[in-house]
>>> print(open('work.cif').read())   # mmCIF, C-alpha atoms
data_target
loop_
_atom_site.group_PDB
_atom_site.id
_atom_site.type_symbol
_atom_site.label_atom_id
_atom_site.label_comp_id
_atom_site.auth_asym_id
_atom_site.auth_seq_id
_atom_site.Cartn_x
_atom_site.Cartn_y
_atom_site.Cartn_z
ATOM 1 C CA MET A 53 -17.492 -29.693 16.694
ATOM 2 C CA LYS A 54 -18.885 -28.081 13.572
ATOM 3 C CA ARG A 55 -16.174 -25.431 13.669
ATOM 4 C CA ASN A 56 -13.391 -27.991 13.848
ATOM 5 C CA ASN A 57 -14.855 -29.986 10.995
ATOM 6 C CA THR A 58 -15.150 -26.838 8.919
ATOM 7 C CA ILE A 59 -11.544 -25.889 9.588
ATOM 8 C CA ARG A 60 -10.317 -29.352 8.694
ATOM 9 C CA LYS A 61 -12.294 -29.297 5.490
ATOM 10 C CA VAL A 62 -11.354 -25.864 4.237
ATOM 11 C CA ALA A 63 -7.931 -25.214 5.666
ATOM 12 C CA PRO A 64 -5.607 -27.827 4.198
ATOM 13 C CA ILE A 65 -2.498 -26.138 5.519
ATOM 14 C CA LYS A 66 -0.446 -29.301 5.800
ATOM 15 C CA ASP A 67 -1.241 -30.219 2.216
ATOM 16 C CA PHE A 68 -0.511 -26.725 0.979
ATOM 17 C CA MET A 69 2.885 -26.626 2.691
ATOM 18 C CA LYS A 70 3.927 -30.129 1.808
ATOM 19 C CA GLU A 71 2.514 -30.601 -1.663
ATOM 20 C CA VAL A 72 2.639 -27.078 -3.047
ATOM 21 C CA LEU A 73 5.597 -25.433 -1.301
ATOM 22 C CA ARG A 74 7.437 -28.668 -0.426
ATOM 23 C CA TRP A 75 7.901 -27.373 3.117
ATOM 24 C CA HIS A 76 7.641 -29.924 5.908
ATOM 25 C CA ILE A 77 5.820 -29.030 9.117
ATOM 26 C CA MET A 78 7.836 -29.961 12.198
ATOM 27 C CA ARG A 79 6.266 -30.874 15.502
ATOM 28 C CA SER A 80 6.985 -28.269 18.192
ATOM 29 C CA GLU A 81 5.229 -27.895 21.509
ATOM 30 C CA GLU A 82 6.325 -24.263 21.811
ATOM 31 C CA VAL A 83 4.980 -23.372 18.375
ATOM 32 C CA ARG A 84 1.684 -25.036 19.347
ATOM 33 C CA LYS A 85 1.559 -22.853 22.474
ATOM 34 C CA LEU A 86 2.312 -19.736 20.425
ATOM 35 C CA THR A 87 -0.620 -20.550 18.131
ATOM 36 C CA GLN A 88 -2.866 -21.225 21.109
ATOM 37 C CA ARG A 89 -2.059 -17.844 22.636
ATOM 38 C CA LEU A 90 -2.527 -15.856 19.422
ATOM 39 C CA VAL A 91 -5.818 -17.550 18.528
ATOM 40 C CA ALA A 92 -7.087 -17.133 22.117
ATOM 41 C CA ASP A 93 -6.211 -13.418 22.015
ATOM 42 C CA ILE A 94 -7.983 -12.894 18.687
ATOM 43 C CA ARG A 95 -11.067 -14.814 19.794
ATOM 44 C CA ALA A 96 -11.135 -13.184 23.235
ATOM 45 C CA TYR A 97 -11.032 -9.744 21.748
ATOM 46 C CA HIS A 98 -13.689 -10.420 19.154
ATOM 47 C CA GLY A 99 -16.017 -11.843 21.811
ATOM 48 C CA GLU A 100 -18.740 -14.438 21.885
ATOM 49 C CA ASN A 101 -20.836 -12.633 19.270
ATOM 50 C CA GLN A 102 -18.223 -13.308 16.637
ATOM 51 C CA LYS A 103 -17.475 -16.814 17.813
ATOM 52 C CA ASP A 104 -18.391 -18.178 14.418
ATOM 53 C CA ALA A 105 -16.327 -15.701 12.455
ATOM 54 C CA PHE A 106 -13.773 -17.646 10.538
ATOM 55 C CA VAL A 107 -10.381 -16.741 11.932
ATOM 56 C CA TYR A 108 -7.787 -19.395 11.554
ATOM 57 C CA PHE A 109 -4.123 -18.715 12.063
ATOM 58 C CA ARG A 110 -1.356 -21.062 12.944
ATOM 59 C CA PHE A 111 2.353 -20.678 13.582
ATOM 60 C CA VAL A 112 4.423 -23.446 12.030
ATOM 61 C CA LYS A 113 7.983 -24.566 12.388
ATOM 62 C CA TYR A 114 8.996 -25.928 9.021
ATOM 63 C CA ALA A 115 11.939 -27.429 7.203
ATOM 64 C CA ARG A 116 12.689 -26.973 3.539
ATOM 65 C CA LEU A 117 15.482 -28.080 1.294
ATOM 66 C CA LYS A 118 17.781 -25.411 -0.112
ATOM 67 C CA GLU A 119 20.883 -25.819 -2.279
ATOM 68 C CA ASN A 120 23.148 -26.487 0.723
ATOM 69 C CA GLY A 121 20.793 -28.618 2.783
ATOM 70 C CA PHE A 122 17.773 -28.108 5.016
ATOM 71 C CA VAL A 123 16.828 -24.791 6.559
ATOM 72 C CA TYR A 124 14.415 -24.482 9.474
ATOM 73 C CA GLY A 125 12.001 -21.600 9.818
ATOM 74 C CA LEU A 126 9.019 -20.136 11.594
ATOM 75 C CA ALA A 127 5.968 -18.933 9.675
ATOM 76 C CA LEU A 128 2.456 -17.686 10.317
ATOM 77 C CA ILE A 129 -0.064 -19.215 7.967
ATOM 78 C CA GLY A 130 -3.818 -19.123 7.705
ATOM 79 C CA TRP A 131 -6.954 -17.428 6.624
ATOM 80 C CA ASN A 132 -8.774 -14.464 8.115
ATOM 81 C CA ASP A 133 -12.530 -14.039 8.071
ATOM 82 C CA VAL A 134 -12.689 -12.259 4.713
ATOM 83 C CA VAL A 135 -12.693 -15.299 2.487
ATOM 84 C CA ARG A 136 -13.043 -18.694 4.074
ATOM 85 C CA TYR A 137 -10.813 -20.639 1.778
ATOM 86 C CA SER A 138 -9.498 -19.662 -1.565
ATOM 87 C CA LEU A 139 -6.503 -20.087 -3.798
ATOM 88 C CA MET A 140 -3.808 -19.993 -1.130
ATOM 89 C CA PRO A 141 -3.536 -18.992 2.513
ATOM 90 C CA ASN A 142 -1.943 -15.879 3.936
ATOM 91 C CA LEU A 143 1.626 -16.747 4.720
ATOM 92 C CA VAL A 144 4.541 -14.907 6.244
ATOM 93 C CA SER A 145 7.836 -16.621 6.942
ATOM 94 C CA TYR A 146 9.737 -14.770 9.680
ATOM 95 C CA PHE A 147 13.156 -16.369 9.481
ATOM 96 C CA GLU A 148 15.100 -19.426 8.384
ATOM 97 C CA LYS A 149 18.203 -20.870 10.058
ATOM 98 C CA SER A 150 20.443 -23.721 9.044
ATOM 99 C CA SER A 151 20.191 -25.279 12.510
ATOM 100 C CA SER A 152 16.984 -26.680 13.959
ATOM 101 C CA GLU A 153 18.281 -26.084 17.511
ATOM 102 C CA GLU A 154 18.895 -22.403 16.802
ATOM 103 C CA THR A 155 15.362 -22.102 15.416
ATOM 104 C CA ASP A 156 13.995 -23.751 18.586
ATOM 105 C CA LYS A 157 15.968 -21.358 20.775
ATOM 106 C CA ILE A 158 14.524 -18.343 18.968
ATOM 107 C CA ILE A 159 11.006 -19.788 19.186
ATOM 108 C CA SER A 160 11.460 -20.278 22.973
ATOM 109 C CA GLN A 161 12.480 -16.652 23.358
ATOM 110 C CA ILE A 162 9.495 -15.478 21.285
ATOM 111 C CA LEU A 163 7.146 -17.582 23.427
ATOM 112 C CA ALA A 164 8.721 -16.273 26.636
ATOM 113 C CA ASP A 165 8.257 -12.682 25.445
ATOM 114 C CA TYR A 166 4.850 -13.239 23.801
ATOM 115 C CA ASP A 167 3.042 -10.745 26.078
ATOM 116 C CA TYR A 168 5.563 -8.036 25.218
ATOM 117 C CA ILE A 169 5.475 -8.846 21.470
ATOM 118 C CA LYS A 170 1.675 -8.843 21.311
ATOM 119 C CA SER A 171 1.541 -5.428 22.995
ATOM 120 C CA LEU A 172 3.635 -3.793 20.259
ATOM 121 C CA PRO A 173 1.519 -1.364 18.178
ATOM 122 C CA ALA A 174 1.227 -3.396 14.962
ATOM 123 C CA ASN A 175 0.287 -6.572 16.835
ATOM 124 C CA ASP A 176 -2.272 -4.785 18.970
ATOM 125 C CA ASP A 177 -3.908 -3.601 15.725
ATOM 126 C CA PHE A 178 -3.714 -7.091 14.235
ATOM 127 C CA ILE A 179 -5.363 -8.747 17.237
ATOM 128 C CA LYS A 180 -8.055 -6.090 17.591
ATOM 129 C CA ASN A 181 -8.819 -5.292 13.950
ATOM 130 C CA LEU A 182 -7.103 -8.031 11.906
ATOM 131 C CA GLN A 183 -5.212 -5.283 10.112
ATOM 132 C CA GLY A 184 -1.683 -6.129 9.041
ATOM 133 C CA PHE A 185 -0.100 -9.296 10.317
ATOM 134 C CA PHE A 186 1.465 -10.546 13.548
ATOM 135 C CA VAL A 187 4.940 -9.032 13.519
ATOM 136 C CA ILE A 188 7.908 -10.566 15.326
ATOM 137 C CA PRO A 189 10.681 -7.985 15.777
ATOM 138 C CA LYS A 190 13.854 -8.676 13.798
ATOM 139 C CA SER A 191 15.862 -8.375 17.030
ATOM 140 C CA TYR A 192 14.689 -11.902 17.909
ATOM 141 C CA TYR A 193 16.201 -13.554 14.859
ATOM 142 C CA ARG A 194 18.731 -11.227 13.252
ATOM 143 C CA LYS A 195 21.051 -10.361 16.100
ATOM 144 C CA ASN A 196 24.251 -10.134 14.041
ATOM 145 C CA GLU A 197 22.673 -7.799 11.534
ATOM 146 C CA LEU A 198 21.369 -5.506 14.273
ATOM 147 C CA ILE A 199 24.745 -5.331 15.971
ATOM 148 C CA LYS A 200 26.351 -4.418 12.627
ATOM 149 C CA THR A 201 23.856 -1.645 11.889
ATOM 150 C CA ASN A 202 24.067 -0.282 15.433
ATOM 151 C CA MET B 121 6.946 -37.670 -6.196
ATOM 152 C CA LYS B 122 3.358 -37.767 -4.967
ATOM 153 C CA PRO B 123 1.041 -36.255 -7.593
ATOM 154 C CA VAL B 124 -1.140 -33.350 -6.490
ATOM 155 C CA LEU B 125 -4.542 -33.463 -8.046
ATOM 156 C CA ASN B 126 -6.459 -31.275 -5.663
ATOM 157 C CA TYR B 127 -4.717 -27.928 -5.965
ATOM 158 C CA PRO B 128 -3.872 -27.296 -9.625
ATOM 159 C CA LYS B 129 -4.818 -23.594 -9.485
ATOM 160 C CA THR B 130 -2.875 -23.051 -6.269
ATOM 161 C CA ARG B 131 0.180 -24.771 -7.693
ATOM 162 C CA LYS B 132 -0.066 -22.695 -10.854
ATOM 163 C CA ALA B 133 -0.329 -19.466 -8.842
ATOM 164 C CA VAL B 134 2.586 -20.331 -6.574
ATOM 165 C CA SER B 135 4.795 -21.429 -9.431
ATOM 166 C CA SER B 136 3.983 -18.213 -11.313
ATOM 167 C CA LEU B 137 5.254 -16.257 -8.280
ATOM 168 C CA TYR B 138 8.482 -18.253 -8.203
ATOM 169 C CA GLN B 139 8.976 -17.809 -11.935
ATOM 170 C CA ALA B 140 8.577 -14.024 -12.082
ATOM 171 C CA GLU B 141 11.404 -12.614 -14.187
ATOM 172 C CA ASP B 142 11.861 -9.376 -12.235
ATOM 173 C CA THR B 143 10.457 -7.476 -9.261
ATOM 174 C CA VAL B 144 7.940 -5.464 -11.281
ATOM 175 C CA ARG B 145 6.438 -8.597 -12.828
ATOM 176 C CA TRP B 146 6.546 -10.305 -9.442
ATOM 177 C CA ILE B 147 4.559 -7.419 -7.886
ATOM 178 C CA LYS B 148 1.975 -7.741 -10.682
ATOM 179 C CA LYS B 149 1.714 -11.445 -9.938
ATOM 180 C CA VAL B 150 1.346 -10.778 -6.193
ATOM 181 C CA ILE B 151 -1.572 -8.445 -6.999
ATOM 182 C CA ALA B 152 -3.134 -10.979 -9.369
ATOM 183 C CA VAL B 153 -2.848 -13.809 -6.818
ATOM 184 C CA SER B 154 -4.291 -11.609 -4.083
ATOM 185 C CA SER B 155 -7.218 -10.623 -6.274
ATOM 186 C CA ILE B 156 -7.983 -14.242 -7.242
ATOM 187 C CA ASN B 157 -7.515 -15.209 -3.606
ATOM 188 C CA HIS B 158 -10.310 -12.925 -2.499
ATOM 189 C CA ARG B 159 -12.515 -13.792 -5.458
ATOM 190 C CA THR B 160 -12.512 -10.206 -6.644
ATOM 191 C CA LYS B 161 -11.530 -8.429 -9.846
ATOM 192 C CA LEU B 162 -8.850 -5.829 -10.107
ATOM 193 C CA SER B 163 -10.143 -2.327 -10.775
ATOM 194 C CA LYS B 164 -8.286 -0.525 -13.548
ATOM 195 C CA ASP B 165 -10.194 2.741 -13.313
ATOM 196 C CA PRO B 166 -7.800 5.714 -13.877
ATOM 197 C CA LYS B 167 -8.845 7.194 -10.483
ATOM 198 C CA VAL B 168 -7.861 3.906 -8.861
ATOM 199 C CA ILE B 169 -4.486 3.820 -10.576
ATOM 200 C CA GLU B 170 -3.799 7.368 -9.387
ATOM 201 C CA ILE B 171 -4.703 6.761 -5.726
ATOM 202 C CA ILE B 172 -2.867 3.418 -5.617
ATOM 203 C CA ARG B 173 0.253 5.005 -7.083
ATOM 204 C CA ASP B 174 0.044 7.720 -4.428
ATOM 205 C CA LEU B 175 -0.282 5.165 -1.594
ATOM 206 C CA ASN B 176 2.528 2.987 -2.930
ATOM 207 C CA GLU B 177 4.821 6.005 -3.319
ATOM 208 C CA SER B 178 4.060 7.152 0.244
ATOM 209 C CA VAL B 179 4.818 3.694 1.635
ATOM 210 C CA LYS B 180 8.176 3.582 -0.162
ATOM 211 C CA LYS B 181 9.236 6.746 1.707
ATOM 212 C CA ILE B 182 8.847 5.141 5.151
ATOM 213 C CA PRO B 183 12.341 4.842 6.656
ATOM 214 C CA GLY B 184 13.613 1.365 7.498
ATOM 215 C CA ILE B 185 11.008 -0.330 5.311
ATOM 216 C CA GLU B 186 11.560 -3.993 4.618
ATOM 217 C CA GLY B 187 9.555 -6.032 2.146
ATOM 218 C CA TYR B 188 6.835 -4.758 -0.138
ATOM 219 C CA PHE B 189 3.512 -3.304 0.965
ATOM 220 C CA ILE B 190 1.451 -3.409 -2.198
ATOM 221 C CA PHE B 191 -1.969 -1.758 -2.317
ATOM 222 C CA ASN B 192 -4.698 -2.606 -4.788
ATOM 223 C CA ILE B 193 -8.397 -1.917 -5.244
ATOM 224 C CA THR B 194 -10.649 -4.733 -6.312
ATOM 225 C CA TYR B 195 -14.368 -5.143 -6.810
ATOM 226 C CA SER B 196 -16.751 -7.991 -6.357
ATOM 227 C CA GLY B 197 -19.978 -8.441 -8.266
ATOM 228 C CA ASN B 198 -20.768 -6.639 -11.484
ATOM 229 C CA GLU B 199 -19.100 -3.226 -11.783
ATOM 230 C CA ASN B 200 -22.246 -1.714 -13.287
ATOM 231 C CA SER B 201 -24.704 -3.197 -10.817
ATOM 232 C CA GLN B 202 -25.820 -1.846 -7.459
ATOM 233 C CA ASP B 203 -24.468 -4.744 -5.435
ATOM 234 C CA VAL B 204 -20.878 -4.014 -6.414
ATOM 235 C CA GLU B 205 -18.403 -3.736 -3.531
ATOM 236 C CA TYR B 206 -15.044 -2.006 -3.874
ATOM 237 C CA SER B 207 -12.240 -2.861 -1.478
ATOM 238 C CA LEU B 208 -8.797 -1.521 -0.760
ATOM 239 C CA TRP B 209 -6.344 -4.308 0.036
ATOM 240 C CA CYS B 210 -2.822 -4.198 1.356
ATOM 241 C CA ASN B 211 -0.524 -7.129 0.548
ATOM 242 C CA TYR B 212 2.720 -7.687 2.395
ATOM 243 C CA ALA B 213 5.275 -9.744 0.517
ATOM 244 C CA ARG B 214 8.936 -9.999 1.358
ATOM 245 C CA LEU B 215 11.275 -11.105 -1.350
ATOM 246 C CA PRO B 216 10.739 -11.714 -5.031
ATOM 247 C CA LYS B 217 10.342 -15.379 -5.828
ATOM 248 C CA THR B 218 8.594 -16.340 -2.633
ATOM 249 C CA ALA B 219 5.104 -17.533 -1.863
ATOM 250 C CA SER B 220 4.892 -15.408 1.290
ATOM 251 C CA ILE B 221 1.970 -13.055 0.836
ATOM 252 C CA PHE B 222 -0.132 -11.731 3.680
ATOM 253 C CA SER B 223 -3.155 -9.648 2.651
ATOM 254 C CA TRP B 224 -5.697 -7.675 4.612
ATOM 255 C CA LEU B 225 -8.760 -5.630 3.872
ATOM 256 C CA VAL B 226 -8.170 -1.941 4.608
ATOM 257 C CA GLN B 227 -11.409 -0.287 3.485
ATOM 258 C CA ILE B 228 -14.587 -1.236 1.704
ATOM 259 C CA ASP B 229 -17.436 0.726 0.072
ATOM 260 C CA ASN B 230 -20.259 0.249 -2.429
ATOM 261 C CA SER B 231 -19.198 3.342 -4.327
ATOM 262 C CA LEU B 232 -15.786 3.720 -5.908
ATOM 263 C CA ASP B 233 -15.886 7.500 -5.543
ATOM 264 C CA ASN B 234 -16.723 7.223 -1.838
ATOM 265 C CA LEU B 235 -13.936 4.687 -1.337
ATOM 266 C CA ILE B 236 -11.413 6.952 -3.046
ATOM 267 C CA ASP B 237 -12.585 9.973 -1.000
ATOM 268 C CA SER B 238 -12.312 7.921 2.160
ATOM 269 C CA ILE B 239 -8.796 6.751 1.238
ATOM 270 C CA LYS B 240 -7.751 10.360 0.596
ATOM 271 C CA LYS B 241 -9.203 11.466 3.947
ATOM 272 C CA ASN B 242 -7.641 8.560 5.835
ATOM 273 C CA LYS B 243 -4.355 8.386 3.965
ATOM 274 C CA ASN B 244 -2.338 9.371 7.030
ATOM 275 C CA ALA B 245 -3.990 6.667 9.125
ATOM 276 C CA ILE B 246 -3.407 4.048 6.406
ATOM 277 C CA ILE B 247 0.269 4.966 6.139
ATOM 278 C CA SER B 248 0.570 5.165 9.921
ATOM 279 C CA ASP B 249 -0.560 1.505 10.173
ATOM 280 C CA ILE B 250 2.320 0.530 7.875
ATOM 281 C CA GLU B 251 4.698 2.678 9.942
ATOM 282 C CA ASN B 252 3.551 0.774 13.022
ATOM 283 C CA ILE B 253 4.419 -2.518 11.326
ATOM 284 C CA ILE B 254 7.902 -1.225 10.453
ATOM 285 C CA ARG B 255 8.369 0.171 13.984
ATOM 286 C CA THR B 256 7.343 -3.191 15.456
ATOM 287 C CA LEU B 257 9.639 -5.060 13.080
ATOM 288 C CA ASN B 258 12.513 -2.893 14.347
ATOM 289 C CA ALA B 259 11.541 -3.048 18.039
ATOM 290 C CA PRO B 260 14.169 -4.299 20.512
ATOM 291 C CA GLN B 261 13.823 -7.543 22.432
ATOM 292 C CA LYS B 262 12.061 -7.267 25.755
ATOM 293 C CA THR B 263 15.187 -8.178 27.684
ATOM 294 C CA GLN B 264 17.269 -5.619 25.774
ATOM 295 C CA LYS B 265 14.654 -2.956 26.461
ATOM 296 C CA SER B 266 14.703 -3.545 30.212
ATOM 297 C CA LEU B 267 18.494 -3.320 30.438
#
>>> encode(input="work.cif", output="structure tokens")
Amino acid sequence: MKRNNTIRKVAPIKDFMKEVLRWHIMRSEEVRKLTQRLVADIRAYHGENQKDAFVYFRFVKYARLKENGFVYGLALIGWNDVVRYSLMPNLVSYFEKSSSEETDKIISQILADYDYIKSLPANDDFIKNLQGFFVIPKSYYRKNELIKTN
Amino acid sequence: MKPVLNYPKTRKAVSSLYQAEDTVRWIKKVIAVSSINHRTKLSKDPKVIEIIRDLNESVKKIPGIEGYFIFNITYSGNENSQDVEYSLWCNYARLPKTASIFSWLVQIDNSLDNLIDSIKKNKNAIISDIENIIRTLNAPQKTQKSL
């Protein structure tokens, strides 16, 4: 209980996204499952002894207004255990698409392949040592570009 | 528009990132935000500038690199006291004029000289971690791989 209260108090992610970035968090069951799996992997690896270490990451599907209308993206946002809460969270936005359905389709594929993605070298390092960030290969969201370069 | 009273410093930092005039100034702002974020001060020791330049130059040579991997060394506490802690940070940021910054602690030491020696000794490992990120970013989809 204490942990949840602490997170709620010090990790105002919704506020940060909405009030500072003007990004709107969108409800997505698959994004929730992605978060659940990543957090479980980090906590499982770091064991019971580090149960209280502050590791809070969350994937978010978001919408934001650009010149030509809304774009829909997937981002990883949160704090690691170095500083509990400070100026702004760590944030990496993976991709943005003009269609919400297309974004959902990509998220489904990422969730389906989560075990493969987490086993890639950079992600293994991230989960075990919190070095780097959780990387999602470009091949999941930039198909046209990859075909062109190949 | 709903007024934001609780995060004036955060809003100022984010808007300074969006308002950077060019990439060089944007990188400086990324470093400043990261340093404030971790409640540390940026070290401007000449030895630090030299090692950071070396790391940043090595990262730029990685083929297929996308985004900016920006290293910096910060310290917490008083630089002249015994409880000072020096840390090497890596900050990943993608495009200028974005608030996307992801930072992580690479190495830490109570002595700046020891930290610099350790960075020199482990430079290949530090760069190899960035190479892994780039390799992962360019990895094929699972389904493509199995075909």
>>> residues_around(input="work.cif", residues="segment 240-252 of chain B", least_positions_apart="6", cutoff="9 Å", atoms="only C-alpha atoms", output="number ranges by chain")
A: 172-175, 177, 183-184; B: 171, 175, 178-179, 182-183, 185, 189, 226
>>> residues_around(input="work.cif", residues="Leu128 of chain A", least_positions_apart="2", cutoff="12 Å", atoms="only C-alpha atoms", output="ChimeraX atom specification")
/A:65,69,77,83-84,86-87,90-91,108-114,125-126,130-132,141-147,185-188 /B:220-222
>>> interface_residues(input="work.cif", of="chain B", to="chain A", cutoff="9 Å", atoms="all atoms listed in the file", output="PyMOL selection string")
chain B and resi 122-124+127+129-131+133-135+153-154+156-159+210-214+219-226+249-263
>>> axis_aligned_box(input="work.cif", around="segment 183-194 of chain A", padding_each_side="6 Å", output="lines of an AutoDock Vina configuration file")
center_x = 6.8
center_y = -9.4
center_z = 13.5
size_x = 35.9
size_y = 20.3
size_z = 20.9
>>> closest_residue(input="work.cif", among="A:Lys118, A:Lys66, A:Arg95, A:Arg194", to="Arg79 of chain A", atoms="all atoms listed in the file")
A:Lys66
>>> atom_distance(input="work.cif", atom1="atom CA of Ser152 of chain A", atom2="atom CA of Gly184 of chain B")
29.0 Å
>>> closest_residue(input="work.cif", among="A:Leu163, A:Ser80, A:Asp176, A:Val123", to="Ser150 of chain A", atoms="all atoms listed in the file")
A:Val123
>>> atom_distance(input="work.cif", atom1="atom CA of Asp233 of chain B", atom2="atom CA of Ser155 of chain B")
20.1 Å
>>> atom_distance(input="work.cif", atom1="atom CA of Asn234 of chain B", atom2="atom CA of Gly197 of chain B")
17.2 Å
>>> residues_around(input="work.cif", residues="Pro166 of chain B", least_positions_apart="5", cutoff="12 Å", atoms="all atoms listed in the file", output="ChimeraX atom specification")
/B:171-173,193,232-233,236
